[in-house]
file final27.cif (mmCIF, C-alpha atoms)
data_entry
loop_
_atom_site.label_atom_id
_atom_site.label_comp_id
_atom_site.auth_asym_id
_atom_site.auth_seq_id
_atom_site.Cartn_x
_atom_site.Cartn_y
_atom_site.Cartn_z
CA MET A 1 1.72 -23.91 -21.78
CA MET A 2 2.94 -21.08 -19.57
CA ASN A 3 4.06 -17.79 -21.00
CA ASN A 4 7.72 -17.83 -19.95
CA ALA A 5 8.44 -14.22 -20.89
CA ALA A 6 5.54 -13.09 -18.71
CA LEU A 7 6.63 -15.28 -15.81
CA THR A 8 10.20 -14.03 -16.08
CA ASP A 9 9.06 -10.42 -15.99
CA LEU A 10 6.92 -11.02 -12.89
CA ILE A 11 9.65 -12.92 -11.06
CA ILE A 12 12.32 -10.31 -11.78
CA LYS A 13 10.26 -7.44 -10.44
CA MET A 14 9.30 -9.37 -7.31
CA ALA A 15 12.87 -10.52 -6.71
CA ASP A 16 14.44 -7.12 -7.38
CA ASP A 17 12.07 -5.49 -4.88
CA GLU A 18 13.10 -8.05 -2.26
CA LEU A 19 16.81 -7.65 -2.97
CA ILE A 20 16.86 -3.86 -2.91
CA GLN A 21 14.54 -3.59 0.10
CA GLY A 22 16.62 -6.20 1.89
CA HIS A 23 19.79 -4.26 1.15
CA ARG A 24 18.27 -0.97 2.32
CA ASN A 25 17.02 -2.54 5.57
CA SER A 26 20.43 -4.08 6.17
CA GLU A 27 21.89 -0.58 6.15
CA TRP A 28 20.25 -0.16 9.58
CA THR A 29 22.37 -2.94 11.06
CA GLY A 30 24.29 -1.52 13.99
CA LEU A 31 22.32 1.74 13.84
CA GLY A 32 18.87 0.58 14.99
CA PRO A 33 17.13 2.55 17.76
CA VAL A 34 17.64 -0.18 20.38
CA MET A 35 19.55 -3.43 20.36
CA GLU A 36 16.52 -5.74 20.19
CA GLU A 37 15.05 -3.83 17.26
CA ASP A 38 18.41 -3.67 15.52
CA ILE A 39 18.58 -7.45 15.59
CA ALA A 40 14.96 -7.85 14.50
CA PHE A 41 15.28 -5.48 11.56
CA SER A 42 18.55 -7.02 10.42
CA SER A 43 17.15 -10.50 10.64
CA MET A 44 14.18 -9.51 8.49
CA ALA A 45 16.52 -7.88 5.98
CA GLN A 46 18.23 -11.25 5.66
CA ASP A 47 14.85 -12.90 5.09
CA LYS A 48 14.21 -10.50 2.22
CA ILE A 49 17.51 -11.35 0.56
CA GLY A 50 16.51 -14.98 1.02
CA HIS A 51 13.23 -14.37 -0.82
CA ALA A 52 15.13 -12.67 -3.65
CA TRP A 53 17.53 -15.61 -3.86
CA ALA A 54 14.66 -18.12 -3.98
CA LEU A 55 13.04 -16.21 -6.84
CA TYR A 56 16.32 -15.82 -8.79
CA ARG A 57 16.76 -19.55 -8.36
CA ILE A 58 13.39 -20.25 -9.94
CA LEU A 59 14.51 -18.11 -12.88
CA HIS A 60 17.78 -19.98 -13.07
CA GLU A 61 16.48 -23.51 -12.66
CA ASP A 62 13.10 -23.35 -14.29
CA LEU A 63 13.25 -20.58 -16.88
CA GLY A 64 16.79 -20.73 -18.22
CA GLY A 65 18.01 -17.61 -16.40
CA LYS A 66 21.52 -16.84 -15.18
CA HIS A 67 23.01 -17.98 -11.90
CA PRO A 68 21.41 -16.02 -9.02
CA ASP A 69 24.68 -14.33 -7.96
CA THR A 70 25.54 -13.27 -11.49
CA PHE A 71 22.01 -12.09 -12.09
CA ALA A 72 21.82 -10.12 -8.86
CA PHE A 73 25.26 -8.51 -8.94
CA LEU A 74 26.27 -8.08 -12.57
CA ARG A 75 23.15 -6.61 -14.12
CA PRO A 76 23.17 -3.00 -15.33
CA GLU A 77 20.77 -0.62 -13.59
CA LYS A 78 18.45 -0.43 -16.62
CA GLU A 79 17.68 -4.13 -16.34
CA PHE A 80 16.52 -3.89 -12.74
CA LYS A 81 12.77 -3.86 -12.26
CA SER A 82 12.61 -2.69 -8.64
CA SER A 83 10.00 -0.14 -7.60
CA HIS A 84 11.01 3.36 -6.57
CA LEU A 85 9.75 2.73 -3.03
CA VAL A 86 12.52 0.27 -2.20
CA GLU A 87 15.24 2.38 -3.81
CA MET A 88 14.71 5.40 -1.57
CA PRO A 89 17.43 6.02 1.02
CA ASN A 90 16.52 5.00 4.57
CA GLY A 91 16.07 8.49 5.94
CA GLU A 92 14.91 8.45 9.55
CA TYR A 93 13.48 5.41 11.30
CA ASP A 94 9.90 6.67 10.85
CA PHE A 95 10.30 6.55 7.05
CA SER A 96 12.01 3.16 7.14
CA LEU A 97 9.34 1.69 9.39
CA MET A 98 6.46 3.06 7.35
CA ARG A 99 8.06 1.68 4.19
CA HIS A 100 8.57 -1.65 5.95
CA PHE A 101 4.88 -1.67 6.93
CA LEU A 102 3.57 -0.77 3.46
CA PHE A 103 6.02 -3.02 1.61
CA ASP A 104 5.67 -6.08 3.82
CA LEU A 105 1.88 -6.01 3.83
CA ALA A 106 1.99 -5.77 0.03
CA GLU A 107 4.44 -8.67 -0.01
CA ALA A 108 2.19 -10.73 2.27
CA ILE A 109 -0.83 -10.13 0.00
CA ARG A 110 1.18 -11.08 -3.08
CA TYR A 111 2.56 -14.34 -1.67
CA GLU A 112 -0.83 -15.28 -0.26
CA SER A 113 -2.29 -14.95 -3.74
CA LEU A 114 0.44 -17.27 -5.05
CA GLN A 115 -0.84 -20.11 -2.88
CA ASP A 116 -3.39 -20.70 -5.63
CA SER A 117 -1.05 -20.02 -8.54
CA SER A 118 -1.09 -22.30 -11.56
CA TYR A 119 2.72 -22.06 -11.49
CA GLU A 120 4.02 -24.72 -9.13
CA PRO A 121 7.29 -23.04 -8.02
CA PHE A 122 5.17 -20.09 -6.82
CA ARG A 123 2.91 -22.38 -4.81
CA LEU A 124 5.89 -24.00 -3.13
CA LEU A 125 7.60 -20.68 -2.41
CA SER A 126 4.47 -19.06 -1.00
CA LYS A 127 4.12 -21.95 1.42
CA LYS A 128 7.74 -21.62 2.45
CA VAL A 129 7.69 -17.89 3.20
CA LYS A 130 4.24 -17.80 4.83
CA GLY A 131 5.52 -17.92 8.42
CA GLU A 132 8.25 -15.35 7.82
CA LEU A 133 5.83 -12.89 6.29
CA LYS A 134 3.38 -13.40 9.12
CA TYR A 135 6.13 -12.40 11.52
CA HIS A 136 7.29 -9.44 9.41
CA THR A 137 3.79 -8.00 9.29
CA LEU A 138 3.30 -8.61 13.02
CA HIS A 139 6.50 -6.65 13.64
CA ALA A 140 5.46 -3.84 11.28
CA ASN A 141 1.95 -3.57 12.70
CA ALA A 142 3.24 -3.55 16.28
CA TRP A 143 5.61 -0.65 15.57
CA ILE A 144 3.00 1.35 13.69
CA MET A 145 0.65 1.04 16.67
CA GLN A 146 3.39 1.77 19.19
CA LEU A 147 4.77 4.90 17.53
CA SER A 148 1.39 6.31 16.59
CA ARG A 149 0.40 6.24 20.26
CA ALA A 150 3.68 7.52 21.68
CA GLY A 151 2.83 11.21 21.91
CA GLU A 152 2.29 14.12 19.57
CA GLU A 153 5.71 14.33 17.94
CA SER A 154 5.81 10.62 17.31
CA TYR A 155 2.28 10.59 15.89
CA ASP A 156 3.01 13.55 13.59
CA ARG A 157 6.12 11.90 12.27
CA MET A 158 4.30 8.66 11.51
CA GLN A 159 1.54 10.55 9.69
CA GLN A 160 4.15 12.48 7.73
CA ALA A 161 6.00 9.28 6.89
CA LEU A 162 2.74 7.79 5.61
CA ASN A 163 2.05 10.85 3.45
CA GLN A 164 5.59 10.64 2.10
CA THR A 165 5.54 6.93 1.23
CA ILE A 166 1.99 6.22 0.09
CA ALA A 167 2.37 7.20 -3.59
CA LEU A 168 5.68 5.34 -3.75
CA ALA A 169 4.09 2.28 -2.17
CA ALA A 170 1.15 2.39 -4.58
CA GLY A 171 3.85 2.18 -7.27
CA ILE A 172 4.59 -1.39 -6.20
CA PHE A 173 1.46 -2.31 -8.10
CA GLU A 174 2.55 -0.92 -11.46
CA PRO A 175 0.96 -3.25 -14.01
CA SER A 176 3.21 -4.89 -16.55
CA GLN A 177 3.07 -3.16 -19.93
CA HIS A 178 2.86 -6.41 -21.88
CA TYR A 179 2.12 -9.38 -19.69
CA GLU A 180 -0.60 -8.48 -17.21
CA GLU A 181 -3.45 -10.19 -19.06
CA ALA A 182 -1.48 -13.28 -19.96
CA LEU A 183 -0.54 -13.84 -16.31
CA ILE A 184 -4.12 -13.35 -15.13
CA ASP A 185 -5.55 -15.60 -17.89
CA ASP A 186 -3.02 -18.30 -17.07
CA LYS A 187 -4.01 -17.98 -13.38
CA VAL A 188 -0.42 -17.32 -12.37
CA TYR A 189 -1.57 -14.51 -10.08
CA PRO A 190 -4.59 -12.23 -9.77
CA GLY A 191 -2.90 -9.18 -11.35
CA GLU A 192 -1.56 -5.93 -9.91
CA LYS A 193 -4.89 -4.11 -9.82
CA GLU A 194 -6.52 -6.82 -7.73
CA LEU A 195 -3.50 -7.02 -5.40
CA TYR A 196 -3.57 -3.25 -4.96
CA HIS A 197 -7.16 -3.36 -3.72
CA ARG A 198 -6.45 -6.29 -1.41
CA TRP A 199 -3.47 -4.35 -0.04
CA LEU A 200 -5.60 -1.28 0.68
CA ASP A 201 -8.08 -3.51 2.53
CA ARG A 202 -5.19 -4.89 4.59
CA ILE A 203 -3.40 -1.65 5.53
CA TYR A 204 -6.55 0.34 6.22
CA PRO A 205 -7.66 -1.36 9.49
CA VAL A 206 -4.15 -1.03 10.97
CA LEU A 207 -3.98 2.66 10.09
CA VAL A 208 -7.43 3.23 11.59
CA LYS A 209 -6.38 1.50 14.80
CA ALA A 210 -3.29 3.72 14.88
CA SER A 211 -5.48 6.80 14.18
CA LEU A 212 -3.41 7.54 11.09
CA ASN A 213 -5.16 9.07 8.10
CA LEU A 214 -4.79 7.25 4.82
CA PRO A 215 -4.62 9.98 2.15
CA GLU A 216 -7.46 9.98 -0.39
CA MET A 217 -6.14 7.29 -2.71
CA SER A 218 -8.05 8.48 -5.78
CA ALA A 219 -6.04 11.70 -5.58
CA ILE A 220 -2.71 9.88 -5.30
CA VAL A 221 -0.59 9.40 -8.41
CA PRO A 222 1.31 6.13 -7.96
CA VAL A 223 5.02 6.42 -8.66
CA TYR A 224 5.61 4.15 -11.65
CA GLY A 225 8.66 3.53 -13.83
CA GLY A 226 10.77 1.05 -11.90
CA ARG A 227 9.15 -1.96 -13.53
CA HIS A 228 10.45 -0.95 -16.95
CA GLY A 229 13.90 0.18 -15.95
CA LEU A 230 13.36 3.84 -15.12
CA HIS A 231 14.90 4.37 -11.71
CA THR A 232 15.60 7.04 -9.12
CA PRO A 233 19.18 8.36 -8.88
CA HIS A 234 19.45 6.36 -5.63
CA LEU A 235 19.57 2.93 -7.25
CA GLN A 236 22.89 3.15 -9.08
CA PRO A 237 25.02 3.98 -5.97
CA LEU A 238 23.23 1.19 -4.08
CA LEU A 239 24.02 -1.35 -6.82
CA LYS A 240 27.63 -0.23 -6.90
CA GLU A 241 27.99 -0.73 -3.17
CA MET A 242 26.06 -3.99 -3.12
CA SER A 243 28.16 -5.62 -5.83
CA GLU A 244 31.50 -4.18 -4.73
CA VAL A 245 32.78 -7.36 -3.10
CA PHE A 246 31.39 -9.61 -5.82
CA ASN A 247 33.10 -7.53 -8.48
CA LEU A 248 36.54 -7.92 -6.89
CA ASP A 249 36.50 -11.35 -8.46
CA ALA A 250 33.28 -12.32 -10.19
CA GLU A 251 34.60 -15.82 -10.86
CA ALA A 252 35.57 -16.60 -7.27
CA SER A 253 33.87 -19.56 -5.69
CA TRP A 254 32.59 -18.88 -2.16
CA MET B 1 19.30 16.30 34.89
CA SER B 2 20.57 15.99 31.39
CA ASN B 3 21.30 12.61 29.95
CA ASP B 4 22.99 12.30 26.59
CA SER B 5 22.33 8.63 26.11
CA LEU B 6 20.98 7.66 22.71
CA ASP B 7 19.06 4.86 24.33
CA PRO B 8 15.36 5.83 24.52
CA ARG B 9 14.94 3.67 27.61
CA VAL B 10 17.25 6.05 29.39
CA ASN B 11 16.29 9.26 27.65
CA ARG B 12 12.55 9.08 28.02
CA LEU B 13 12.58 8.97 31.78
CA LYS B 14 12.62 12.58 32.94
CA LEU B 15 14.42 12.43 36.24
CA GLY B 16 13.90 15.26 38.73
CA PRO B 17 15.97 16.09 41.79
CA ALA B 18 17.10 13.11 43.81
CA GLY B 19 14.58 11.94 46.39
CA GLU B 20 11.58 13.02 44.37
CA VAL B 21 9.26 10.20 43.42
CA VAL B 22 9.47 9.47 39.71
CA LYS B 23 6.11 8.91 38.09
CA VAL B 24 6.43 6.85 34.94
CA GLU B 25 3.60 7.46 32.50
CA GLU B 26 2.26 4.60 30.44
CA GLY B 27 4.50 4.12 27.41
CA GLU B 28 7.06 6.65 28.64
CA ASN B 29 9.63 4.13 29.67
CA TRP B 30 10.31 0.63 28.49
CA ASN B 31 9.54 -2.35 30.67
CA ILE B 32 11.38 -5.56 31.23
CA TYR B 33 9.55 -8.69 30.15
CA GLU B 34 10.51 -12.21 31.21
CA VAL B 35 10.57 -14.65 28.33
CA PHE B 36 9.40 -18.27 28.48
CA HIS B 37 10.28 -20.63 25.69
CA GLN B 38 8.41 -23.76 24.61
CA GLU B 39 10.44 -26.25 22.63
CA LYS B 40 7.63 -28.52 21.48
CA ARG B 41 3.87 -28.66 21.79
CA GLY B 42 2.79 -29.91 25.19
CA ALA B 43 6.18 -29.22 26.78
CA HIS B 44 6.60 -26.74 29.63
CA HIS B 45 7.41 -23.15 28.87
CA GLU B 46 10.84 -22.58 30.33
CA HIS B 47 12.28 -19.28 31.44
CA VAL B 48 15.12 -18.27 29.13
CA GLY B 49 15.81 -14.60 29.86
CA CYS B 50 14.30 -11.18 29.42
CA VAL B 51 13.85 -8.36 26.91
CA HIS B 52 13.21 -4.63 27.09
CA ALA B 53 10.10 -3.54 25.22
CA PRO B 54 7.55 -0.71 25.20
CA ASP B 55 4.55 -3.06 25.16
CA PRO B 56 3.72 -6.78 25.35
CA GLN B 57 3.29 -7.13 21.59
CA LEU B 58 6.78 -5.83 20.85
CA ALA B 59 8.12 -7.85 23.75
CA LEU B 60 6.94 -10.94 21.87
CA VAL B 61 8.57 -9.72 18.66
CA PHE B 62 11.87 -9.07 20.42
CA ALA B 63 11.67 -12.35 22.33
CA LYS B 64 11.32 -14.19 19.04
CA GLU B 65 14.54 -12.60 17.78
CA GLN B 66 16.51 -13.11 20.97
CA PHE B 67 15.38 -16.57 22.01
CA ALA B 68 13.72 -18.39 19.13
CA ARG B 69 16.05 -17.85 16.20
CA ARG B 70 18.47 -20.69 16.67
CA LYS B 71 16.93 -23.18 19.07
CA LYS B 72 13.76 -25.03 18.10
CA CYS B 73 10.71 -23.17 19.32
CA VAL B 74 6.97 -23.54 18.88
CA ASN B 75 5.69 -20.86 21.24
CA LEU B 76 6.78 -18.07 23.57
CA TRP B 77 5.28 -16.35 26.58
CA VAL B 78 6.22 -12.90 27.79
CA VAL B 79 5.31 -11.58 31.21
CA LYS B 80 6.07 -8.14 32.57
CA SER B 81 8.75 -8.73 35.20
CA ALA B 82 6.96 -6.38 37.58
CA ASP B 83 3.87 -8.63 37.45
CA ILE B 84 5.72 -11.57 38.91
CA LEU B 85 5.24 -12.07 42.62
CA ALA B 86 8.30 -13.50 44.29
CA PHE B 87 9.54 -14.24 47.78
CA ASP B 88 11.98 -11.83 49.33
CA VAL B 89 15.57 -12.95 49.20
CA GLU B 90 15.85 -12.92 52.98
CA ASP B 91 13.00 -15.40 53.21
CA GLU B 92 15.18 -18.08 51.70
CA ASP B 93 15.26 -19.79 55.09
CA MET B 94 11.66 -20.87 54.56
CA PHE B 95 12.92 -23.32 52.02
CA ALA B 96 15.49 -24.92 54.26
CA ASN B 97 14.63 -28.60 54.53
CA ASN B 98 14.65 -30.39 57.78
CA MET B 99 17.21 -33.11 57.18
CA GLU B 100 15.07 -35.66 58.95
CA LYS B 101 12.24 -35.37 56.48
CA THR B 102 13.92 -36.96 53.48
CA TYR B 103 11.27 -39.67 53.63
CA ARG B 104 8.96 -37.02 52.18
CA ASP B 105 11.02 -36.77 48.97
CA ALA B 106 9.99 -38.90 46.05
CA SER B 107 13.61 -39.95 45.81
CA GLY B 108 13.18 -41.65 49.19
CA PHE B 109 11.27 -44.48 47.63
CA LYS B 110 13.47 -47.28 46.38
CA VAL B 111 11.48 -49.06 43.73
CA MET B 112 14.00 -50.24 41.15
CA GLU B 113 14.38 -53.59 42.89
CA LYS B 114 10.66 -54.21 42.74
CA ILE B 115 10.52 -53.17 39.10
CA ASN B 116 13.39 -55.45 38.13
CA LYS B 117 11.84 -58.30 39.98
CA PHE B 118 8.57 -57.72 38.21
CA LYS B 119 10.30 -57.63 34.81
CA GLN B 120 12.09 -60.86 35.48
CA SER B 121 8.89 -62.58 36.51
CA LYS B 122 7.43 -61.79 33.04
#
call {"tool": "encode", "arguments": {"input": "final27.cif", "output": "structure tokens"}}
result
Amino acid sequence: MMNNAALTDLIIKMADDELIQGHRNSEWTGLGPVMEEDIAFSSMAQDKIGHAWALYRILHEDLGGKHPDTFAFLRPEKEFKSSHLVEMPNGEYDFSLMRHFLFDLAEAIRYESLQDSSYEPFRLLSKKVKGELKYHTLHANAWIMQLSRAGEESYDRMQQALNQTIALAAGIFEPSQHYEEALIDDKVYPGEKELYHRWLDRIYPVLVKASLNLPEMSAIVPVYGGRHGLHTPHLQPLLKEMSEVFNLDAEASW
Amino acid sequence: MSNDSLDPRVNRLKLGPAGEVVKVEEGENWNIYEVFHQEKRGAHHEHVGCVHAPDPQLALVFAKEQFARRKKCVNLWVVKSADILAFDVEDEDMFANNMEKTYRDASGFKVMEKINKFKQSK
């Protein structure tokens, strides 16, 4: 018998990360550095919203949760479990790209681990998003390499972006306060600590190839809080904007 | 020469006085890549257009967005346009067919009659 409360907690934090990151990335639409990249980034933002929707649907259909639209758009800020990394405003493209790199590689690791999950909806979903995530990480890796080799200014900015985002990104792996052991024992997923180490193993070779220096991780304090409803001041305005149209008429059928 | 374009493909190329040879450093300016699209395994890759990109890897990424999002696709090739060797436009006359050599075309062979006859004999 699965621990439904634990599953629900895990799904909400994964889905909220996807939704908020997807929304942030979509803010680049029309403003990307070149047309091709604008389209690529926007298309991947859509994929992220798609992942969020798939996860909210599992909640709705399998665990007695609310309808995905209602759940995504009508929840108060406190009930969101997104990490601080995805809430941060886009800043410049270097920051957005570095976040995209760190987030998407973390996402890839997480969904890969779900291929062996004891929870069937996770197994099915991980299979479904495998190709998309492969492409997202290819895109991220290609840009990290490109910009780290594009001259001194570009390199410095990428290194600075990495220094800025690394503690936030480590915060993705904030362990659940109550459910971590239950989820690991039930073989739902390997747990945040294990995923964190797999993630470091995955980002490190790319950073080395790009000659970027990964800060000493033992000296980094991961930015936690998002998973239990403590958010940056940036989340509330984002939620307000994101749900603006929905709130015009929450009962409307689309 | 100042150029206020926001497009890095334009901005990165530092143009000197007219007539001076422009030397483009590796990675300084974006290249054009021709894109070839394969609809199913074993099928030919067909030319579908081109993308601007700073390197082959990103050319593939951009090609996927531009040419593989809607139509079915199993693989893509990208080739730097400058690496393609082509005939000069004025050499088009080399391709002019001598009208009296249609017997060389495959279409010159009329075989349907033979095929139909064979089918009927079965």
call {"tool": "resolve_selection", "arguments": {"input": "final27.cif", "expression": "the PyMOL selection byres ((chain A and resi 56-60) around 8)", "output": "number ranges by chain"}}
result
A: 8, 11-12, 15, 52-55, 61-68, 71-72, 121
call {"tool": "closest_residue", "arguments": {"input": "final27.cif", "among": "A:Ser82, A:Gln146, A:Thr165, A:Ser117", "to": "chain B", "atoms": "all atoms listed in the file"}}
result
A:Gln146
call {"tool": "closest_residue", "arguments": {"input": "final27.cif", "among": "A:Leu248, A:Ile144, A:Ala45, A:Ala106", "to": "Val206 in chain A", "atoms": "all atoms listed in the file"}}
result
A:Ile144
call {"tool": "resolve_selection", "arguments": {"input": "final27.cif", "expression": "the PyMOL selection byres ((chain B and resi 34-37) around 6)", "output": "ChimeraX atom specification"}}
result
/B:33,38,45-50,76-79,81
call {"tool": "resolve_selection", "arguments": {"input": "final27.cif", "expression": "the PyMOL selection byres ((chain A and resi 221-235) around 9)", "output": "PyMOL selection string"}}
result
chain A and resi 9+13+20+77-85+87-89+166-177+217-220+236-240
call {"tool": "atom_distance", "arguments": {"input": "final27.cif", "atom1": "CA of Thr70 in chain A", "atom2": "CA of Tyr119 in chain A"}}
result
24.5 Å
call {"tool": "residues_around", "arguments": {"input": "final27.cif", "residues": "Lys72 in chain B", "least_positions_apart": "4", "cutoff": "8 Å", "atoms": "all atoms listed in the file", "output": "list of chain:residue names"}}
result
B:Glu39, B:Lys40, B:Ala68
call {"tool": "write_last_selection", "arguments": {"input": "final27.cif", "atoms": "C-alpha atoms", "output": "PDB file, in the frame of the given file"}}
result
ATOM      1  CA  GLU B  39      10.440 -26.250  22.630  1.00  0.00           C
ATOM      2  CA  LYS B  40       7.630 -28.520  21.480  1.00  0.00           C
ATOM      3  CA  ALA B  68      13.720 -18.390  19.130  1.00  0.00           C
TER       4      ALA B  68
END
call {"tool": "atom_distance", "arguments": {"input": "final27.cif", "atom1": "CA of Gln115 in chain A", "atom2": "CA of Asp201 in chain A"}}
result
18.9 Å
call {"tool": "closest_residue", "arguments": {"input": "final27.cif", "among": "B:Phe67, B:Phe87, B:Phe118, B:Phe62", "to": "chain A", "atoms": "only C-alpha atoms"}}
result
B:Phe62
call {"tool": "residues_around", "arguments": {"input": "final27.cif", "residues": "range 53-55 of chain B", "least_positions_apart": "3", "cutoff": "12 Å", "atoms": "all atoms listed in the file", "output": "VMD selection string"}}
result
(chain A and resid 33 to 37 142 to 143 145 to 147 149 to 150) or (chain B and resid 8 to 9 12 25 to 35 50 58 to 63 78 to 81)
call {"tool": "write_last_selection", "arguments": {"input": "final27.cif", "atoms": "C-alpha atoms", "output": "CSV table (one decimal), in the frame of the given file"}}
result
chain,number,residue,atom,x,y,z
A,33,PRO,CA,17.1,2.6,17.8
A,34,VAL,CA,17.6,-0.2,20.4
A,35,MET,CA,19.6,-3.4,20.4
A,36,GLU,CA,16.5,-5.7,20.2
A,37,GLU,CA,15.0,-3.8,17.3
A,142,ALA,CA,3.2,-3.6,16.3
A,143,TRP,CA,5.6,-0.6,15.6
A,145,MET,CA,0.6,1.0,16.7
A,146,GLN,CA,3.4,1.8,19.2
A,147,LEU,CA,4.8,4.9,17.5
A,149,ARG,CA,0.4,6.2,20.3
A,150,ALA,CA,3.7,7.5,21.7
B,8,PRO,CA,15.4,5.8,24.5
B,9,ARG,CA,14.9,3.7,27.6
B,12,ARG,CA,12.6,9.1,28.0
B,25,GLU,CA,3.6,7.5,32.5
B,26,GLU,CA,2.3,4.6,30.4
B,27,GLY,CA,4.5,4.1,27.4
B,28,GLU,CA,7.1,6.6,28.6
B,29,ASN,CA,9.6,4.1,29.7
B,30,TRP,CA,10.3,0.6,28.5
B,31,ASN,CA,9.5,-2.4,30.7
B,32,ILE,CA,11.4,-5.6,31.2
B,33,TYR,CA,9.6,-8.7,30.2
B,34,GLU,CA,10.5,-12.2,31.2
B,35,VAL,CA,10.6,-14.6,28.3
B,50,CYS,CA,14.3,-11.2,29.4
B,58,LEU,CA,6.8,-5.8,20.8
B,59,ALA,CA,8.1,-7.8,23.8
B,60,LEU,CA,6.9,-10.9,21.9
B,61,VAL,CA,8.6,-9.7,18.7
B,62,PHE,CA,11.9,-9.1,20.4
B,63,ALA,CA,11.7,-12.4,22.3
B,78,VAL,CA,6.2,-12.9,27.8
B,79,VAL,CA,5.3,-11.6,31.2
B,80,LYS,CA,6.1,-8.1,32.6
B,81,SER,CA,8.8,-8.7,35.2
call {"tool": "atom_distance", "arguments": {"input": "final27.cif", "atom1": "CA of Arg110 in chain A", "atom2": "CA of Arg157 in chain A"}}
result
28.1 Å
call {"tool": "closest_residue", "arguments": {"input": "final27.cif", "among": "A:Ser96, A:Asn25, A:Ser148, A:Asn213", "to": "chain B", "atoms": "only C-alpha atoms"}}
result
A:Ser148
call {"tool": "residues_around", "arguments": {"input": "final27.cif", "residues": "Gly191 in chain A", "least_positions_apart": "4", "cutoff": "7 Å", "atoms": "only C-alpha atoms", "output": "list in words"}}
result
Glu180, Ile184 and Leu195 of chain A
call {"tool": "closest_residue", "arguments": {"input": "final27.cif", "among": "A:Ala140, A:Leu114, A:Ile109, A:Ala40", "to": "chain B", "atoms": "only C-alpha atoms"}}
result
A:Ala40
call {"tool": "closest_residue", "arguments": {"input": "final27.cif", "among": "A:Ser118, A:Ser43, A:Ser253, A:Asn247", "to": "chain B", "atoms": "all atoms listed in the file"}}
result
A:Ser43
call {"tool": "residues_around", "arguments": {"input": "final27.cif", "residues": "Leu133 in chain A", "least_positions_apart": "2", "cutoff": "8 Å", "atoms": "only C-alpha atoms", "output": "PyMOL selection string"}}
result
chain A and resi 104+107-108+129-131+135-137
call {"tool": "residues_around", "arguments": {"input": "final27.cif", "residues": "Ser26 in chain A", "least_positions_apart": "4", "cutoff": "8 Å", "atoms": "all atoms listed in the file", "output": "compact mmCIF listing (two decimals) with C-alpha atoms, in the coordinates of the input"}}
result
# COMPACT_ATOMS: atom_id res chain seq x y z
CA GLY A 22 16.62 -6.20 1.89
CA PHE A 41 15.28 -5.48 11.56
CA SER A 42 18.55 -7.02 10.42
CA ALA A 45 16.52 -7.88 5.98
CA GLN A 46 18.23 -11.25 5.66
call {"tool": "decode", "arguments": {"input": "final27.cif", "residues": "range 125-155 of chain A", "atoms": "C-alpha atoms", "output": "PDB file, in the first residue's frame"}}
result
ATOM      1  CA  LEU A 125       5.314   9.584 -17.319  1.00  0.00           C
ATOM      2  CA  SER A 126       9.086   9.124 -17.231  1.00  0.00           C
ATOM      3  CA  LYS A 127       8.882   7.142 -20.446  1.00  0.00           C
ATOM      4  CA  LYS A 128       6.762   9.825 -22.052  1.00  0.00           C
ATOM      5  CA  VAL A 129       9.024  12.776 -21.244  1.00  0.00           C
ATOM      6  CA  LYS A 130      12.331  10.994 -21.883  1.00  0.00           C
ATOM      7  CA  GLY A 131      12.812  12.342 -25.415  1.00  0.00           C
ATOM      8  CA  GLU A 132      11.826  15.888 -24.483  1.00  0.00           C
ATOM      9  CA  LEU A 133      14.268  15.989 -21.603  1.00  0.00           C
ATOM     10  CA  LYS A 134      17.024  14.592 -23.774  1.00  0.00           C
ATOM     11  CA  TYR A 135      16.467  17.488 -26.141  1.00  0.00           C
ATOM     12  CA  HIS A 136      16.238  20.092 -23.359  1.00  0.00           C
ATOM     13  CA  THR A 137      19.553  18.996 -21.896  1.00  0.00           C
ATOM     14  CA  LEU A 138      21.165  18.897 -25.345  1.00  0.00           C
ATOM     15  CA  HIS A 139      20.024  22.485 -25.851  1.00  0.00           C
ATOM     16  CA  ALA A 140      21.261  23.563 -22.414  1.00  0.00           C
ATOM     17  CA  ASN A 141      24.625  21.847 -22.779  1.00  0.00           C
ATOM     18  CA  ALA A 142      25.167  23.307 -26.251  1.00  0.00           C
ATOM     19  CA  TRP A 143      24.577  26.862 -25.014  1.00  0.00           C
ATOM     20  CA  ILE A 144      26.775  26.431 -21.954  1.00  0.00           C
ATOM     21  CA  MET A 145      29.619  25.271 -24.210  1.00  0.00           C
ATOM     22  CA  GLN A 146      28.989  27.980 -26.784  1.00  0.00           C
ATOM     23  CA  LEU A 147      28.864  30.927 -24.387  1.00  0.00           C
ATOM     24  CA  SER A 148      31.737  29.734 -22.231  1.00  0.00           C
ATOM     25  CA  ARG A 149      33.965  29.731 -25.299  1.00  0.00           C
ATOM     26  CA  ALA A 150      32.754  33.000 -26.806  1.00  0.00           C
ATOM     27  CA  GLY A 151      35.377  35.327 -25.371  1.00  0.00           C
ATOM     28  CA  GLU A 152      36.302  36.791 -22.017  1.00  0.00           C
ATOM     29  CA  GLU A 153      33.163  38.782 -21.258  1.00  0.00           C
ATOM     30  CA  SER A 154      30.919  35.903 -22.172  1.00  0.00           C
ATOM     31  CA  TYR A 155      32.963  33.435 -20.118  1.00  0.00           C
TER      32      TYR A 155
END
